[in-house]
$ cat data-v9.pdb   # PDB, C-alpha atoms and all ligand atoms
MODEL        1
ATOM      1  CA  MET A1161      -2.283 -16.920  15.351  1.00  0.00           C
ATOM      2  CA  THR A1162       0.345 -14.858  13.520  1.00  0.00           C
ATOM      3  CA  LYS A1163      -1.071 -13.293  10.397  1.00  0.00           C
ATOM      4  CA  ARG A1164       0.854 -13.733   7.139  1.00  0.00           C
ATOM      5  CA  VAL A1165       1.237 -10.542   5.118  1.00  0.00           C
ATOM      6  CA  ALA A1166       2.003 -10.324   1.386  1.00  0.00           C
ATOM      7  CA  ILE A1167       3.185  -6.895   0.201  1.00  0.00           C
ATOM      8  CA  LEU A1168       2.646  -5.786  -3.396  1.00  0.00           C
ATOM      9  CA  ILE A1169       5.044  -3.251  -4.892  1.00  0.00           C
ATOM     10  CA  SER A1170       5.951  -1.680  -8.216  1.00  0.00           C
ATOM     11  CA  GLY A1171       9.152   0.204  -7.417  1.00  0.00           C
ATOM     12  CA  GLY A1172      11.375   1.365  -4.579  1.00  0.00           C
ATOM     13  CA  GLY A1173       9.346  -0.277  -1.853  1.00  0.00           C
ATOM     14  CA  SER A1174      10.058   2.199   0.947  1.00  0.00           C
ATOM     15  CA  ASN A1175       6.645   1.470   2.478  1.00  0.00           C
ATOM     16  CA  MET A1176       7.320  -2.267   2.136  1.00  0.00           C
ATOM     17  CA  VAL A1177      10.576  -1.862   4.061  1.00  0.00           C
ATOM     18  CA  ALA A1178       8.820   0.096   6.816  1.00  0.00           C
ATOM     19  CA  LEU A1179       6.094  -2.559   7.069  1.00  0.00           C
ATOM     20  CA  ALA A1180       8.567  -5.454   7.047  1.00  0.00           C
ATOM     21  CA  ARG A1181      10.772  -3.876   9.700  1.00  0.00           C
ATOM     22  CA  SER A1182       7.756  -3.253  11.934  1.00  0.00           C
ATOM     23  CA  MET A1183       6.653  -6.914  11.970  1.00  0.00           C
ATOM     24  CA  THR A1184       8.884  -8.146  14.798  1.00  0.00           C
ATOM     25  CA  ARG A1185       8.665  -9.293  18.415  1.00  0.00           C
ATOM     26  CA  ASP A1186       5.057  -9.159  19.675  1.00  0.00           C
ATOM     27  CA  HIS A1187       3.643  -7.837  16.377  1.00  0.00           C
ATOM     28  CA  PRO A1188       0.696 -10.063  15.364  1.00  0.00           C
ATOM     29  CA  ALA A1189       1.911 -10.405  11.756  1.00  0.00           C
ATOM     30  CA  ARG A1190       4.942 -11.390   9.704  1.00  0.00           C
ATOM     31  CA  PRO A1191       5.781 -10.755   6.046  1.00  0.00           C
ATOM     32  CA  CYS A1192       5.408 -13.896   3.896  1.00  0.00           C
ATOM     33  CA  LEU A1193       5.974 -12.488   0.381  1.00  0.00           C
ATOM     34  CA  VAL A1194       6.904  -9.370  -1.549  1.00  0.00           C
ATOM     35  CA  VAL A1195       5.635  -9.424  -5.129  1.00  0.00           C
ATOM     36  CA  SER A1196       6.222  -6.819  -7.822  1.00  0.00           C
ATOM     37  CA  ASN A1197       4.498  -6.286 -11.165  1.00  0.00           C
ATOM     38  CA  VAL A1198       7.745  -4.806 -12.465  1.00  0.00           C
ATOM     39  CA  PRO A1199      10.955  -6.882 -12.661  1.00  0.00           C
ATOM     40  CA  ASP A1200      14.323  -5.791 -11.260  1.00  0.00           C
ATOM     41  CA  VAL A1201      13.011  -2.992  -9.067  1.00  0.00           C
ATOM     42  CA  ALA A1202      14.874  -1.869  -5.950  1.00  0.00           C
ATOM     43  CA  GLY A1203      12.021  -3.053  -3.755  1.00  0.00           C
ATOM     44  CA  LEU A1204      12.693  -6.690  -4.713  1.00  0.00           C
ATOM     45  CA  GLU A1205      16.372  -6.365  -3.805  1.00  0.00           C
ATOM     46  CA  ARG A1206      15.442  -4.675  -0.508  1.00  0.00           C
ATOM     47  CA  ALA A1207      12.987  -7.488   0.292  1.00  0.00           C
ATOM     48  CA  GLU A1208      15.628 -10.142  -0.473  1.00  0.00           C
ATOM     49  CA  ALA A1209      18.069  -8.298   1.786  1.00  0.00           C
ATOM     50  CA  LEU A1210      15.430  -8.539   4.532  1.00  0.00           C
ATOM     51  CA  GLY A1211      15.120 -12.283   3.942  1.00  0.00           C
ATOM     52  CA  ILE A1212      11.558 -12.086   2.620  1.00  0.00           C
ATOM     53  CA  PRO A1213      10.485 -14.435  -0.229  1.00  0.00           C
ATOM     54  CA  THR A1214       9.961 -12.463  -3.437  1.00  0.00           C
ATOM     55  CA  ASP A1215       8.240 -12.956  -6.753  1.00  0.00           C
ATOM     56  CA  CYS A1216       7.535 -10.933  -9.864  1.00  0.00           C
ATOM     57  CA  VAL A1217       4.472 -11.104 -12.090  1.00  0.00           C
ATOM     58  CA  ASP A1218       5.349  -8.778 -14.947  1.00  0.00           C
ATOM     59  CA  HIS A1219       2.088  -7.254 -16.183  1.00  0.00           C
ATOM     60  CA  ARG A1220       3.707  -6.438 -19.533  1.00  0.00           C
ATOM     61  CA  GLN A1221       3.908 -10.172 -20.326  1.00  0.00           C
ATOM     62  CA  PHE A1222       0.102 -10.273 -20.526  1.00  0.00           C
ATOM     63  CA  ASN A1223      -0.326  -7.721 -23.345  1.00  0.00           C
ATOM     64  CA  GLY A1224      -3.109  -5.807 -21.646  1.00  0.00           C
ATOM     65  CA  ASP A1225      -5.018  -8.928 -20.588  1.00  0.00           C
ATOM     66  CA  ARG A1226      -5.812  -7.743 -17.064  1.00  0.00           C
ATOM     67  CA  VAL A1227      -7.679 -10.917 -16.124  1.00  0.00           C
ATOM     68  CA  ALA A1228      -4.747 -13.141 -17.137  1.00  0.00           C
ATOM     69  CA  PHE A1229      -2.313 -10.919 -15.232  1.00  0.00           C
ATOM     70  CA  GLU A1230      -4.467 -11.088 -12.113  1.00  0.00           C
ATOM     71  CA  ALA A1231      -4.827 -14.864 -12.407  1.00  0.00           C
ATOM     72  CA  ALA A1232      -1.030 -15.158 -12.431  1.00  0.00           C
ATOM     73  CA  LEU A1233      -0.775 -12.702  -9.541  1.00  0.00           C
ATOM     74  CA  GLN A1234      -3.347 -14.687  -7.559  1.00  0.00           C
ATOM     75  CA  SER A1235      -1.401 -17.918  -8.149  1.00  0.00           C
ATOM     76  CA  ALA A1236       1.806 -16.307  -6.941  1.00  0.00           C
ATOM     77  CA  LEU A1237       0.040 -14.993  -3.850  1.00  0.00           C
ATOM     78  CA  VAL A1238      -1.812 -18.126  -2.779  1.00  0.00           C
ATOM     79  CA  GLU A1239       1.429 -20.145  -2.904  1.00  0.00           C
ATOM     80  CA  HIS A1240       2.442 -18.222   0.231  1.00  0.00           C
ATOM     81  CA  THR A1241      -0.965 -18.416   1.961  1.00  0.00           C
ATOM     82  CA  PRO A1242      -1.250 -14.750   2.989  1.00  0.00           C
ATOM     83  CA  ASP A1243      -3.951 -13.614   5.398  1.00  0.00           C
ATOM     84  CA  ILE A1244      -3.545  -9.921   4.499  1.00  0.00           C
ATOM     85  CA  LEU A1245      -2.391  -8.095   1.354  1.00  0.00           C
ATOM     86  CA  CYS A1246      -0.715  -4.698   1.658  1.00  0.00           C
ATOM     87  CA  LEU A1247      -0.492  -2.609  -1.515  1.00  0.00           C
ATOM     88  CA  ALA A1248       2.587  -0.435  -1.035  1.00  0.00           C
ATOM     89  CA  GLY A1249       3.465   1.699  -4.011  1.00  0.00           C
ATOM     90  CA  PHE A1250       1.642  -0.830  -6.197  1.00  0.00           C
ATOM     91  CA  MET A1251       0.719   1.001  -9.374  1.00  0.00           C
ATOM     92  CA  ARG A1252      -1.763  -1.325 -11.104  1.00  0.00           C
ATOM     93  CA  ILE A1253      -5.521  -0.848 -10.885  1.00  0.00           C
ATOM     94  CA  LEU A1254      -7.104  -4.141  -9.780  1.00  0.00           C
ATOM     95  CA  THR A1255     -10.431  -5.408 -11.111  1.00  0.00           C
ATOM     96  CA  ALA A1256     -13.474  -5.759  -8.889  1.00  0.00           C
ATOM     97  CA  GLU A1257     -13.230  -9.551  -9.314  1.00  0.00           C
ATOM     98  CA  PHE A1258      -9.704  -9.641  -7.911  1.00  0.00           C
ATOM     99  CA  VAL A1259     -10.478  -7.192  -5.098  1.00  0.00           C
ATOM    100  CA  THR A1260     -13.594  -9.129  -4.103  1.00  0.00           C
ATOM    101  CA  GLN A1261     -11.484 -12.290  -3.575  1.00  0.00           C
ATOM    102  CA  TRP A1262      -9.547 -10.327  -0.906  1.00  0.00           C
ATOM    103  CA  ASP A1263     -12.459  -8.361   0.519  1.00  0.00           C
ATOM    104  CA  GLY A1264     -11.718  -7.303   4.075  1.00  0.00           C
ATOM    105  CA  ARG A1265      -8.117  -8.560   3.788  1.00  0.00           C
ATOM    106  CA  MET A1266      -6.408  -5.936   1.570  1.00  0.00           C
ATOM    107  CA  LEU A1267      -4.977  -2.518   2.514  1.00  0.00           C
ATOM    108  CA  ASN A1268      -3.528   0.329   0.483  1.00  0.00           C
ATOM    109  CA  ILE A1269      -1.681   3.530   1.236  1.00  0.00           C
ATOM    110  CA  HIS A1270      -2.591   6.550  -0.854  1.00  0.00           C
ATOM    111  CA  PRO A1271      -0.683   9.871  -0.796  1.00  0.00           C
ATOM    112  CA  SER A1272      -3.635  12.188  -0.125  1.00  0.00           C
ATOM    113  CA  LEU A1273      -6.203  12.940   2.566  1.00  0.00           C
ATOM    114  CA  LEU A1274      -8.956  10.767   1.077  1.00  0.00           C
ATOM    115  CA  PRO A1275     -11.637  11.199  -0.042  1.00  0.00           C
ATOM    116  CA  LYS A1276      -9.826  14.146  -1.633  1.00  0.00           C
ATOM    117  CA  TYR A1277      -7.587  13.514  -4.641  1.00  0.00           C
ATOM    118  CA  LYS A1278      -8.173   9.906  -5.604  1.00  0.00           C
ATOM    119  CA  GLY A1279      -5.900   8.772  -8.422  1.00  0.00           C
ATOM    120  CA  LEU A1280      -2.577  10.292  -9.406  1.00  0.00           C
ATOM    121  CA  ASN A1281      -0.623  13.556  -8.971  1.00  0.00           C
ATOM    122  CA  THR A1282      -2.151  14.052  -5.544  1.00  0.00           C
ATOM    123  CA  HIS A1283       0.336  16.529  -4.118  1.00  0.00           C
ATOM    124  CA  ALA A1284       0.294  18.752  -7.194  1.00  0.00           C
ATOM    125  CA  ARG A1285      -3.516  18.825  -7.068  1.00  0.00           C
ATOM    126  CA  ALA A1286      -3.587  19.780  -3.389  1.00  0.00           C
ATOM    127  CA  ILE A1287      -1.106  22.607  -3.980  1.00  0.00           C
ATOM    128  CA  GLU A1288      -2.966  23.762  -7.079  1.00  0.00           C
ATOM    129  CA  ALA A1289      -6.229  23.821  -5.132  1.00  0.00           C
ATOM    130  CA  GLY A1290      -4.700  26.106  -2.498  1.00  0.00           C
ATOM    131  CA  ASP A1291      -5.220  23.563   0.288  1.00  0.00           C
ATOM    132  CA  THR A1292      -3.598  24.361   3.635  1.00  0.00           C
ATOM    133  CA  GLU A1293      -2.793  20.742   4.409  1.00  0.00           C
ATOM    134  CA  ALA A1294      -2.029  17.425   2.699  1.00  0.00           C
ATOM    135  CA  GLY A1295      -1.119  13.928   3.805  1.00  0.00           C
ATOM    136  CA  CYS A1296      -1.652  10.227   3.307  1.00  0.00           C
ATOM    137  CA  THR A1297      -4.343   7.665   3.977  1.00  0.00           C
ATOM    138  CA  VAL A1298      -4.380   3.930   4.661  1.00  0.00           C
ATOM    139  CA  HIS A1299      -7.662   2.344   3.644  1.00  0.00           C
ATOM    140  CA  GLU A1300      -9.243  -1.039   3.014  1.00  0.00           C
ATOM    141  CA  VAL A1301      -9.284  -1.789  -0.700  1.00  0.00           C
ATOM    142  CA  THR A1302     -12.714  -2.088  -2.305  1.00  0.00           C
ATOM    143  CA  PRO A1303     -13.623  -2.309  -6.004  1.00  0.00           C
ATOM    144  CA  GLU A1304     -13.963   1.503  -6.224  1.00  0.00           C
ATOM    145  CA  LEU A1305     -10.493   3.070  -6.696  1.00  0.00           C
ATOM    146  CA  ASP A1306      -9.027   4.700  -3.546  1.00  0.00           C
ATOM    147  CA  ASP A1307     -12.436   4.541  -1.863  1.00  0.00           C
ATOM    148  CA  GLY A1308     -12.562   1.931   0.903  1.00  0.00           C
ATOM    149  CA  PRO A1309     -13.032   2.456   4.674  1.00  0.00           C
ATOM    150  CA  ILE A1310     -10.320   4.731   6.054  1.00  0.00           C
ATOM    151  CA  LEU A1311      -8.080   3.072   8.665  1.00  0.00           C
ATOM    152  CA  GLY A1312      -5.619   5.898   9.221  1.00  0.00           C
ATOM    153  CA  GLN A1313      -4.468   9.322   8.097  1.00  0.00           C
ATOM    154  CA  ALA A1314      -1.412  11.511   8.599  1.00  0.00           C
ATOM    155  CA  ARG A1315      -1.475  15.263   7.961  1.00  0.00           C
ATOM    156  CA  VAL A1316       1.127  17.943   7.205  1.00  0.00           C
ATOM    157  CA  PRO A1317       0.687  21.664   6.494  1.00  0.00           C
ATOM    158  CA  ILE A1318       1.249  22.812   2.931  1.00  0.00           C
ATOM    159  CA  LEU A1319       3.886  25.527   3.227  1.00  0.00           C
ATOM    160  CA  PRO A1320       4.362  28.580   0.996  1.00  0.00           C
ATOM    161  CA  GLY A1321       6.599  27.602  -1.906  1.00  0.00           C
ATOM    162  CA  ASP A1322       5.912  23.888  -1.506  1.00  0.00           C
ATOM    163  CA  THR A1323       6.307  21.828  -4.645  1.00  0.00           C
ATOM    164  CA  PRO A1324       4.973  18.290  -5.145  1.00  0.00           C
ATOM    165  CA  ASP A1325       8.482  17.007  -4.381  1.00  0.00           C
ATOM    166  CA  THR A1326       8.965  18.988  -1.165  1.00  0.00           C
ATOM    167  CA  LEU A1327       5.510  17.976  -0.011  1.00  0.00           C
ATOM    168  CA  ALA A1328       6.193  14.326  -0.840  1.00  0.00           C
ATOM    169  CA  GLY A1329       9.449  14.641   1.090  1.00  0.00           C
ATOM    170  CA  ARG A1330       7.506  15.495   4.250  1.00  0.00           C
ATOM    171  CA  ILE A1331       4.668  13.011   3.703  1.00  0.00           C
ATOM    172  CA  LEU A1332       6.605   9.872   2.758  1.00  0.00           C
ATOM    173  CA  PRO A1333       8.265   9.550   6.211  1.00  0.00           C
ATOM    174  CA  LEU A1334       4.785   9.822   7.742  1.00  0.00           C
ATOM    175  CA  GLU A1335       3.600   7.027   5.443  1.00  0.00           C
ATOM    176  CA  HIS A1336       6.357   4.901   6.935  1.00  0.00           C
ATOM    177  CA  GLN A1337       4.928   5.563  10.406  1.00  0.00           C
ATOM    178  CA  LEU A1338       1.232   5.370   9.520  1.00  0.00           C
ATOM    179  CA  TYR A1339       1.126   2.147   7.508  1.00  0.00           C
ATOM    180  CA  PRO A1340       2.921   0.009  10.140  1.00  0.00           C
ATOM    181  CA  ALA A1341       0.708   1.485  12.884  1.00  0.00           C
ATOM    182  CA  VAL A1342      -2.446   0.650  10.937  1.00  0.00           C
ATOM    183  CA  LEU A1343      -1.255  -2.848   9.989  1.00  0.00           C
ATOM    184  CA  ARG A1344      -0.434  -3.678  13.607  1.00  0.00           C
ATOM    185  CA  ARG A1345      -4.003  -2.840  14.661  1.00  0.00           C
ATOM    186  CA  TYR A1346      -5.578  -4.419  11.569  1.00  0.00           C
ATOM    187  CA  ALA A1347      -3.696  -7.706  12.062  1.00  0.00           C
ATOM    188  CA  ALA A1348      -5.004  -7.780  15.638  1.00  0.00           C
ATOM    189  CA  GLY A1349      -8.568  -7.266  14.393  1.00  0.00           C
ATOM    190  CA  ASP A1350      -8.733  -3.636  15.524  1.00  0.00           C
ATOM    191  CA  ARG A1351     -10.080  -1.191  12.970  1.00  0.00           C
ATOM    192  CA  THR A1352      -9.879   1.895  15.177  1.00  0.00           C
ATOM    193  CA  PRO A1353      -8.484   4.589  12.858  1.00  0.00           C
ATOM    194  CA  VAL A1354      -4.922   5.860  13.426  1.00  0.00           C
ATOM    195  CA  HIS A1355      -4.368   9.621  13.211  1.00  0.00           C
ATOM    196  CA  LEU A1356      -0.941  11.279  12.979  1.00  0.00           C
ATOM    197  CA  PRO A1357       0.120  13.533  14.493  1.00  0.00           C
ATOM    198  CA  SER A1358      -1.588  11.867  17.385  1.00  0.00           C
TER     199      SER A1358
HETATM  200  C1  LIG A1401       4.227   6.584  -2.130  1.00  0.00           C
HETATM  201  O1  LIG A1401       3.958   7.959  -2.270  1.00  0.00           O
HETATM  202  C2  LIG A1401       2.922   5.875  -1.789  1.00  0.00           C
HETATM  203  O2  LIG A1401       2.018   6.717  -1.092  1.00  0.00           O
HETATM  204  C3  LIG A1401       2.371   5.530  -3.120  1.00  0.00           C
HETATM  205  O3  LIG A1401       3.525   5.147  -3.886  1.00  0.00           O
HETATM  206  C4  LIG A1401       4.632   5.979  -3.491  1.00  0.00           C
HETATM  207  C5  LIG A1401       5.920   5.190  -3.479  1.00  0.00           C
HETATM  208  O4  LIG A1401       5.824   4.245  -2.456  1.00  0.00           O
HETATM  209  N1  LIG A1401       1.386   4.484  -3.023  1.00  0.00           N
HETATM  210  P1  LIG A1401       7.062   3.229  -2.126  1.00  0.00           P
HETATM  211  O5  LIG A1401       8.275   4.075  -1.808  1.00  0.00           O
HETATM  212  O6  LIG A1401       7.309   2.388  -3.371  1.00  0.00           O
HETATM  213  O7  LIG A1401       6.568   2.443  -0.949  1.00  0.00           O
ENDMDL
END
$ encode --input "data-v9.pdb" --output "structure tokens" --more "lines below"
Ligand code: GRF
Amino acid sequence: MTKRVAILISGGGSNMVALARSMTRDHPARPCLVVSNVPDVAGLERAEALGIPTDCVDHRQFNGDRVAFEAALQSALVEHTPDILCLAGFMRILTAEFVTQWDGRMLNIHPSLLPKYKGLNTHARAIEAGDTEAGCTVHEVTPELDDGPILGQARVPILPGDTPDTLAGRILPLEHQLYPAVLRRYAAGDRTPVHLPS
């Protein structure tokens, strides 16, 4: 049975595009919705250009009421009956109550080699720490931020003179390879971790 995948974004949606483009032919999943918490972002236009249904649940309309925002988000999601949620550049922290409703059915991509550098400014922190490598991680989403079971990682060396931007420039293309590879396995019920370079 083809799995239905809803992708949550907040901005450009480059990971969403990579995921959507990967779900073709014998892939066990298809995109059913792209939803953003921010209106008028490029990711919504890119999803429409790909023929994917879109929606926007603007978190600013809820004046800090996280529960009300998540109730509206949940309503938008269930309309499209997704089997899997993929957070892809989604920049809102979700409550344990929301995450629990999607336990075992929600993935996220994080721009660090978890468990190192949960949260923000990951590349700057890795450079600052003098690390020799950095990367990205796809993990199952659990109530603890950036903490769920790791399903895949991609690594790059940190080079002398690297800045957060140059490092991001090398990691983002790997995100676009890693996330689709993990989703393909995950949608087929395979949780064997993906490691890049392989
Ligand atoms: C990426 O670095 C991703 O790791 C993080 O958000 C950034 C932008 O992602 N979650 P996208 O281009 O919006 O997919």
$ closest_residue --input "data-v9.pdb" --among "A:Gly1321, A:Gly1224, A:Pro1191, A:Pro1271" --to "ligand LIG 1401 (chain A)" --atoms "all atoms listed in the file"
A:Pro1271
$ atom_distance --input "data-v9.pdb" --atom1 "CA of Ala1348 in chain A" --atom2 "CA of Ala1189 in chain A"
8.4 Å
$ residues_around --input "data-v9.pdb" --residues "range 1302-1306 of chain A" --least-positions-apart "2" --cutoff "7 Å" --atoms "all atoms listed in the file" --output "PyMOL selection string"
chain A and resi 1255-1256+1259+1263+1278+1300+1308
$ resolve_selection --input "data-v9.pdb" --expression "the PyMOL selection byres (((not hetatm)) within 7 of (chain A and resi 1401))" --output "list of chain:residue names"
A:Ile1169, A:Ser1170, A:Gly1171, A:Gly1172, A:Gly1173, A:Ser1174, A:Asn1175, A:Met1176, A:Ala1248, A:Gly1249, A:Phe1250, A:Ile1269, A:His1270, A:Pro1271, A:Cys1296, A:Ala1328, A:Leu1332, A:Glu1335
$ atom_distance --input "data-v9.pdb" --atom1 "CA of Val1198 in chain A" --atom2 "CA of Asp1218 in chain A"
5.3 Å
$ resolve_selection --input "data-v9.pdb" --expression "the PyMOL selection byres (((chain A and resi 1225-1229) around 12) and not hetatm)" --output "VMD selection string"
chain A and resid 1197 1216 to 1224 1230 to 1236 1252 to 1259
$ residues_around --input "data-v9.pdb" --residues "Arg1265 in chain A" --least-positions-apart "6" --cutoff "7 Å" --atoms "all atoms listed in the file" --output "PDB file with C-alpha atoms, keeping the file's coordinate frame"
ATOM      1  CA  ASP A1243      -3.951 -13.614   5.398  1.00  0.00           C
ATOM      2  CA  ILE A1244      -3.545  -9.921   4.499  1.00  0.00           C
ATOM      3  CA  LEU A1245      -2.391  -8.095   1.354  1.00  0.00           C
TER       4      LEU A1245
END
$ residues_around --input "data-v9.pdb" --residues "Pro1309 in chain A" --least-positions-apart "6" --cutoff "12 Å" --atoms "only C-alpha atoms" --output "JSON, numbers by chain"
{"A": [1263, 1264, 1266, 1267, 1268, 1269, 1274, 1275, 1297, 1298, 1299, 1300, 1301, 1302, 1303, 1351, 1352, 1353]}
$ residues_around --input "data-v9.pdb" --residues "Asp1291 in chain A" --least-positions-apart "3" --cutoff "12 Å" --atoms "all atoms listed in the file" --output "JSON, numbers by chain"
{"A": [1272, 1273, 1276, 1277, 1282, 1283, 1284, 1285, 1286, 1287, 1288, 1294, 1295, 1315, 1316, 1317, 1318, 1319, 1320, 1322]}
$ write_last_selection --input "data-v9.pdb" --atoms "C-alpha atoms" --output "short mmCIF file (atom, residue, chain, number, x, y, z; two decimals), in the frame of the given file"
data_model
loop_
_atom_site.label_atom_id
_atom_site.label_comp_id
_atom_site.auth_asym_id
_atom_site.auth_seq_id
_atom_site.Cartn_x
_atom_site.Cartn_y
_atom_site.Cartn_z
CA SER A 1272 -3.64 12.19 -0.12
CA LEU A 1273 -6.20 12.94 2.57
CA LYS A 1276 -9.83 14.15 -1.63
CA TYR A 1277 -7.59 13.51 -4.64
CA THR A 1282 -2.15 14.05 -5.54
CA HIS A 1283 0.34 16.53 -4.12
CA ALA A 1284 0.29 18.75 -7.19
CA ARG A 1285 -3.52 18.82 -7.07
CA ALA A 1286 -3.59 19.78 -3.39
CA ILE A 1287 -1.11 22.61 -3.98
CA GLU A 1288 -2.97 23.76 -7.08
CA ALA A 1294 -2.03 17.42 2.70
CA GLY A 1295 -1.12 13.93 3.80
CA ARG A 1315 -1.48 15.26 7.96
CA VAL A 1316 1.13 17.94 7.20
CA PRO A 1317 0.69 21.66 6.49
CA ILE A 1318 1.25 22.81 2.93
CA LEU A 1319 3.89 25.53 3.23
CA PRO A 1320 4.36 28.58 1.00
CA ASP A 1322 5.91 23.89 -1.51
#
$ resolve_selection --input "data-v9.pdb" --expression "the PyMOL selection byres (((chain A and resi 1164) around 12) and not hetatm)" --output "number ranges by chain"
A: 1161-1163, 1165-1167, 1180, 1183, 1187-1194, 1212, 1237-1246, 1265, 1343, 1347-1348
$ closest_residue --input "data-v9.pdb" --among "A:Leu1168, A:Arg1185, A:Val1354, A:Arg1206" --to "Met1251 in chain A" --atoms "only C-alpha atoms"
A:Leu1168
$ atom_distance --input "data-v9.pdb" --atom1 "CA of Arg1330 in chain A" --atom2 "CA of Pro1199 in chain A"
28.3 Å
$ closest_residue --input "data-v9.pdb" --among "A:Gln1313, A:Thr1214, A:Asn1281, A:Ser1196" --to "Ala1341 in chain A" --atoms "all atoms listed in the file"
A:Gln1313
